[in-house]
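Notes follow once the structure below has been shown.
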Amino acid sequence: MDLNRQLGFLLKDTSRRYARRFEERAQALSLTLPQCRALLHLQNNEGVSQKRLSELTELDPMTLVRILDRMEADGWVQRRFDPADRRAHTLWLTAKSGPVLEHIARLIADTRAETLHGLSNEERTQLIELLERAHANLAALPPLAAEKSPRSAR
């Protein structure tokens with residue numbers, strides 16, 4: 001079996017290489033991929049709770065707290081008390097985060113351009129559309145009931 005022709009392997013390996021290339025670029029800002037993800041998700045969801053941002057970024061809540069502590073110390077993020085729940089905080093970007101987000105957008109564009117080099121605009125559009133459809137297919141599937149593996153059936 002040629003692993004390079006297997007969908008799962010190609011998706012995982014491409015994702016890993018893409019993330020590594022992005023992180024190499026992000027080192028110029030002294031940012032990690034999880035930090036960039038947190039900022040980008042917050043940009044699209046200002047006013048969310050830390051719990052919700054943790055869900056959106058798929059980061060462990062304690063890891064996210066450390067990331068937010070750093071970004072708050074850098075002046076990029078502001079925690080505000082949630083008016084609906086005094087124990088909770090909502091998260092907001094500050095004006096100081098603007099240049100960082102613009103730089104992250106450039107890093108994304110540069111990494112995407114490298115990744116898709118040699119593909120026509122039509123091929124790029126088709127690739128994204130096909131991946132979106134595959135993603136939607138997987139997202140729509142119900143969880144599988146616990147299946148017995150051949151080993152456990154003995």
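To be explicit about the labels: the chains of the structure tokens are called A, B, and onward in the order shown, and within each one the residues are counted from 1, while ligands get numbers from 1 in the order they are shown.
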Query - Who sits within 12 Å of Ile67 (chain A), only C-alpha atoms, same chain under 6 positions skipped, as a PyMOL selection string - result: chain A and resi 31-39+50+53-54+57+59-61+73-74+76-77
Kindly export the residues of the current selection with C-alpha atoms, as an mmCIF file, in the first residue's frame.
data_model
loop_
_atom_site.group_PDB
_atom_site.id
_atom_site.type_symbol
_atom_site.label_atom_id
_atom_site.label_comp_id
_atom_site.auth_asym_id
_atom_site.auth_seq_id
_atom_site.Cartn_x
_atom_site.Cartn_y
_atom_site.Cartn_z
ATOM 1 C CA LEU A 31 4.040 33.356 18.388
ATOM 2 C CA THR A 32 3.020 29.733 18.296
ATOM 3 C CA LEU A 33 0.299 28.229 16.153
ATOM 4 C CA PRO A 34 -2.076 27.886 19.167
ATOM 5 C CA GLN A 35 -1.548 31.572 19.998
ATOM 6 C CA CYS A 36 -2.328 32.568 16.407
ATOM 7 C CA ARG A 37 -5.417 30.347 16.408
ATOM 8 C CA ALA A 38 -6.626 31.949 19.636
ATOM 9 C CA LEU A 39 -6.180 35.466 18.236
ATOM 10 C CA GLN A 50 -12.782 31.715 27.839
ATOM 11 C CA LEU A 53 -12.806 30.179 23.014
ATOM 12 C CA SER A 54 -11.300 26.964 24.362
ATOM 13 C CA THR A 57 -9.674 26.619 19.283
ATOM 14 C CA LEU A 59 -7.219 24.020 23.190
ATOM 15 C CA ASP A 60 -7.137 22.693 26.718
ATOM 16 C CA PRO A 61 -8.658 25.358 29.020
ATOM 17 C CA ALA A 73 0.254 41.164 29.373
ATOM 18 C CA ASP A 74 1.282 42.128 25.819
ATOM 19 C CA TRP A 76 -3.488 42.436 22.790
ATOM 20 C CA VAL A 77 -6.447 41.027 24.714
#
Query raised in the report: Could you work out how far CA of Ala140 (chain A) lies from CA of Leu7 (chain A), giving the answer in Å with one decimal?
Result: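 Distance between the two atoms: 18.7 Å.
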Requested in this report: Going by DSSP on the backbone, which bits of chain A are strand (DSSP E or B)? Write them as a ChimeraX atom specification, please.
Outcome: /A:49,77-82,85-93
Query - Minimum-distance residue to Gly47 (chain A), chosen among A:Ala19, A:Leu93, A:Ala28, A:Leu11 (using only C-alpha atoms) - result: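 Checking each of A:Ala19, A:Leu93, A:Ala28, A:Leu11 against Gly47 (chain A), counting only C-alpha atoms, the winner is A:Leu93.
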Query - Two-atom distance - CA of Ile108 (chain A), CA of Gln27 (chain A) (Å) - result: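 CA of Ile108 (chain A) sits 13.2 Å away from CA of Gln27 (chain A).
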**Report entry** Given only C-alpha atoms as the counted atoms, nearest of A:Gln78, A:Arg112, A:Pro83, A:Trp92 to Arg17 (chain A)
**Finding:**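 With only C-alpha atoms as the atom set, the closest residue is A:Arg112.
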Extract the full set of alpha helix (DSSP H) residues from region 65-127 of chain A according to DSSP on the backbone, and format it as a PDB file with N, CA and C atoms, in the first residue's frame.
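Everything below was put into out02.pdb:
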ATOM      1  N   VAL A  65      -5.669  29.539  29.055  1.00  0.00           N
ATOM      2  CA  VAL A  65      -5.495  30.561  30.096  1.00  0.00           C
ATOM      3  C   VAL A  65      -4.083  31.125  30.052  1.00  0.00           C
ATOM      4  N   ARG A  66      -3.075  30.263  29.903  1.00  0.00           N
ATOM      5  CA  ARG A  66      -1.688  30.742  29.816  1.00  0.00           C
ATOM      6  C   ARG A  66      -1.481  31.611  28.575  1.00  0.00           C
ATOM      7  N   ILE A  67      -2.074  31.188  27.464  1.00  0.00           N
ATOM      8  CA  ILE A  67      -1.969  31.971  26.227  1.00  0.00           C
ATOM      9  C   ILE A  67      -2.627  33.342  26.419  1.00  0.00           C
ATOM     10  N   LEU A  68      -3.813  33.358  27.011  1.00  0.00           N
ATOM     11  CA  LEU A  68      -4.517  34.619  27.224  1.00  0.00           C
ATOM     12  C   LEU A  68      -3.779  35.510  28.219  1.00  0.00           C
ATOM     13  N   ASP A  69      -3.191  34.910  29.248  1.00  0.00           N
ATOM     14  CA  ASP A  69      -2.398  35.693  30.205  1.00  0.00           C
ATOM     15  C   ASP A  69      -1.271  36.429  29.487  1.00  0.00           C
ATOM     16  N   ARG A  70      -0.579  35.723  28.597  1.00  0.00           N
ATOM     17  CA  ARG A  70       0.517  36.356  27.857  1.00  0.00           C
ATOM     18  C   ARG A  70      -0.008  37.467  26.950  1.00  0.00           C
ATOM     19  N   MET A  71      -1.096  37.185  26.231  1.00  0.00           N
ATOM     20  CA  MET A  71      -1.636  38.178  25.309  1.00  0.00           C
ATOM     21  C   MET A  71      -2.205  39.380  26.058  1.00  0.00           C
ATOM     22  N   GLU A  72      -2.737  39.150  27.239  1.00  0.00           N
ATOM     23  CA  GLU A  72      -3.222  40.266  28.049  1.00  0.00           C
ATOM     24  C   GLU A  72      -2.033  41.109  28.534  1.00  0.00           C
ATOM     25  N   ALA A  73      -0.951  40.446  28.946  1.00  0.00           N
ATOM     26  CA  ALA A  73       0.254  41.164  29.373  1.00  0.00           C
ATOM     27  C   ALA A  73       0.868  41.958  28.219  1.00  0.00           C
ATOM     28  N   GLY A  98      -4.199  44.790  16.458  1.00  0.00           N
ATOM     29  CA  GLY A  98      -4.405  44.982  15.026  1.00  0.00           C
ATOM     30  C   GLY A  98      -3.192  44.664  14.174  1.00  0.00           C
ATOM     31  N   PRO A  99      -2.025  45.261  14.454  1.00  0.00           N
ATOM     32  CA  PRO A  99      -0.841  44.959  13.644  1.00  0.00           C
ATOM     33  C   PRO A  99      -0.424  43.489  13.720  1.00  0.00           C
ATOM     34  N   VAL A 100      -0.630  42.863  14.862  1.00  0.00           N
ATOM     35  CA  VAL A 100      -0.286  41.443  15.012  1.00  0.00           C
ATOM     36  C   VAL A 100      -1.199  40.601  14.134  1.00  0.00           C
ATOM     37  N   LEU A 101      -2.481  40.909  14.142  1.00  0.00           N
ATOM     38  CA  LEU A 101      -3.433  40.177  13.307  1.00  0.00           C
ATOM     39  C   LEU A 101      -3.144  40.391  11.826  1.00  0.00           C
ATOM     40  N   GLU A 102      -2.750  41.589  11.445  1.00  0.00           N
ATOM     41  CA  GLU A 102      -2.381  41.845  10.048  1.00  0.00           C
ATOM     42  C   GLU A 102      -1.156  41.026   9.650  1.00  0.00           C
ATOM     43  N   HIS A 103      -0.199  40.926  10.563  1.00  0.00           N
ATOM     44  CA  HIS A 103       1.001  40.128  10.288  1.00  0.00           C
ATOM     45  C   HIS A 103       0.644  38.647  10.163  1.00  0.00           C
ATOM     46  N   ILE A 104      -0.229  38.171  11.043  1.00  0.00           N
ATOM     47  CA  ILE A 104      -0.672  36.778  10.975  1.00  0.00           C
ATOM     48  C   ILE A 104      -1.363  36.523   9.639  1.00  0.00           C
ATOM     49  N   ALA A 105      -2.178  37.457   9.184  1.00  0.00           N
ATOM     50  CA  ALA A 105      -2.868  37.305   7.891  1.00  0.00           C
ATOM     51  C   ALA A 105      -1.850  37.187   6.757  1.00  0.00           C
ATOM     52  N   ARG A 106      -0.772  37.952   6.825  1.00  0.00           N
ATOM     53  CA  ARG A 106       0.278  37.856   5.800  1.00  0.00           C
ATOM     54  C   ARG A 106       0.979  36.499   5.866  1.00  0.00           C
ATOM     55  N   LEU A 107       1.224  36.013   7.086  1.00  0.00           N
ATOM     56  CA  LEU A 107       1.861  34.697   7.242  1.00  0.00           C
ATOM     57  C   LEU A 107       0.977  33.605   6.642  1.00  0.00           C
ATOM     58  N   ILE A 108      -0.311  33.716   6.878  1.00  0.00           N
ATOM     59  CA  ILE A 108      -1.256  32.744   6.320  1.00  0.00           C
ATOM     60  C   ILE A 108      -1.222  32.805   4.794  1.00  0.00           C
ATOM     61  N   ALA A 109      -1.268  34.014   4.245  1.00  0.00           N
ATOM     62  CA  ALA A 109      -1.270  34.176   2.783  1.00  0.00           C
ATOM     63  C   ALA A 109       0.018  33.630   2.177  1.00  0.00           C
ATOM     64  N   ASP A 110       1.160  33.902   2.815  1.00  0.00           N
ATOM     65  CA  ASP A 110       2.440  33.404   2.299  1.00  0.00           C
ATOM     66  C   ASP A 110       2.504  31.884   2.352  1.00  0.00           C
ATOM     67  N   THR A 111       2.037  31.299   3.444  1.00  0.00           N
ATOM     68  CA  THR A 111       2.066  29.843   3.594  1.00  0.00           C
ATOM     69  C   THR A 111       1.108  29.194   2.596  1.00  0.00           C
ATOM     70  N   ARG A 112      -0.068  29.789   2.430  1.00  0.00           N
ATOM     71  CA  ARG A 112      -1.039  29.267   1.463  1.00  0.00           C
ATOM     72  C   ARG A 112      -0.478  29.345   0.045  1.00  0.00           C
ATOM     73  N   ALA A 113       0.164  30.461  -0.302  1.00  0.00           N
ATOM     74  CA  ALA A 113       0.728  30.627  -1.653  1.00  0.00           C
ATOM     75  C   ALA A 113       1.797  29.577  -1.917  1.00  0.00           C
ATOM     76  N   GLU A 114       2.649  29.318  -0.933  1.00  0.00           N
ATOM     77  CA  GLU A 114       3.674  28.280  -1.091  1.00  0.00           C
ATOM     78  C   GLU A 114       3.047  26.904  -1.265  1.00  0.00           C
ATOM     79  N   THR A 115       2.048  26.635  -0.462  1.00  0.00           N
ATOM     80  CA  THR A 115       1.390  25.326  -0.490  1.00  0.00           C
ATOM     81  C   THR A 115       0.702  25.071  -1.815  1.00  0.00           C
ATOM     82  N   ASN A 121      -5.817  29.111 -10.503  1.00  0.00           N
ATOM     83  CA  ASN A 121      -6.886  29.640  -9.640  1.00  0.00           C
ATOM     84  C   ASN A 121      -8.080  28.701  -9.615  1.00  0.00           C
ATOM     85  N   GLU A 122      -8.395  28.109 -10.767  1.00  0.00           N
ATOM     86  CA  GLU A 122      -9.514  27.169 -10.834  1.00  0.00           C
ATOM     87  C   GLU A 122      -9.233  25.923  -9.994  1.00  0.00           C
ATOM     88  N   GLU A 123      -8.000  25.425 -10.074  1.00  0.00           N
ATOM     89  CA  GLU A 123      -7.638  24.238  -9.279  1.00  0.00           C
ATOM     90  C   GLU A 123      -7.667  24.557  -7.780  1.00  0.00           C
ATOM     91  N   ARG A 124      -7.215  25.746  -7.421  1.00  0.00           N
ATOM     92  CA  ARG A 124      -7.244  26.147  -6.006  1.00  0.00           C
ATOM     93  C   ARG A 124      -8.679  26.200  -5.501  1.00  0.00           C
ATOM     94  N   THR A 125      -9.551  26.812  -6.294  1.00  0.00           N
ATOM     95  CA  THR A 125     -10.959  26.904  -5.918  1.00  0.00           C
ATOM     96  C   THR A 125     -11.576  25.511  -5.809  1.00  0.00           C
ATOM     97  N   GLN A 126     -11.265  24.661  -6.765  1.00  0.00           N
ATOM     98  CA  GLN A 126     -11.817  23.298  -6.750  1.00  0.00           C
ATOM     99  C   GLN A 126     -11.306  22.519  -5.547  1.00  0.00           C
ATOM    100  N   LEU A 127     -10.027  22.643  -5.233  1.00  0.00           N
ATOM    101  CA  LEU A 127      -9.464  21.947  -4.071  1.00  0.00           C
ATOM    102  C   LEU A 127     -10.188  22.354  -2.799  1.00  0.00           C
TER     103      LEU A 127
END
Requested in this report: Would you work out the distance separating CA of Ser15 (chain A) from CA of Leu42 (chain A), expressed in Å to one decimal?
Outcome: 22.1 Å
Report task. Name the closest residue to His89 (chain A) among the candidates A:Leu56, A:Leu64, A:Leu119, A:Val48; distances are taken between atoms, counting only C-alpha atoms. Result -> A:Val48
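Closest approach to Leu91 (chain A) among A:Asn45, A:Thr63, A:His117, A:Ile128: A:Asn45, based on only C-alpha atoms.
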Query - Surrounding residues of Ala88 (chain A) excluding itself and chain neighbours under 4 positions, 10 Å, only C-alpha atoms, as a list in words - result: Ser49, Gln50, Lys51, Arg79, Arg80, Phe81, Asp82, Pro83 and Ala84 of chain A
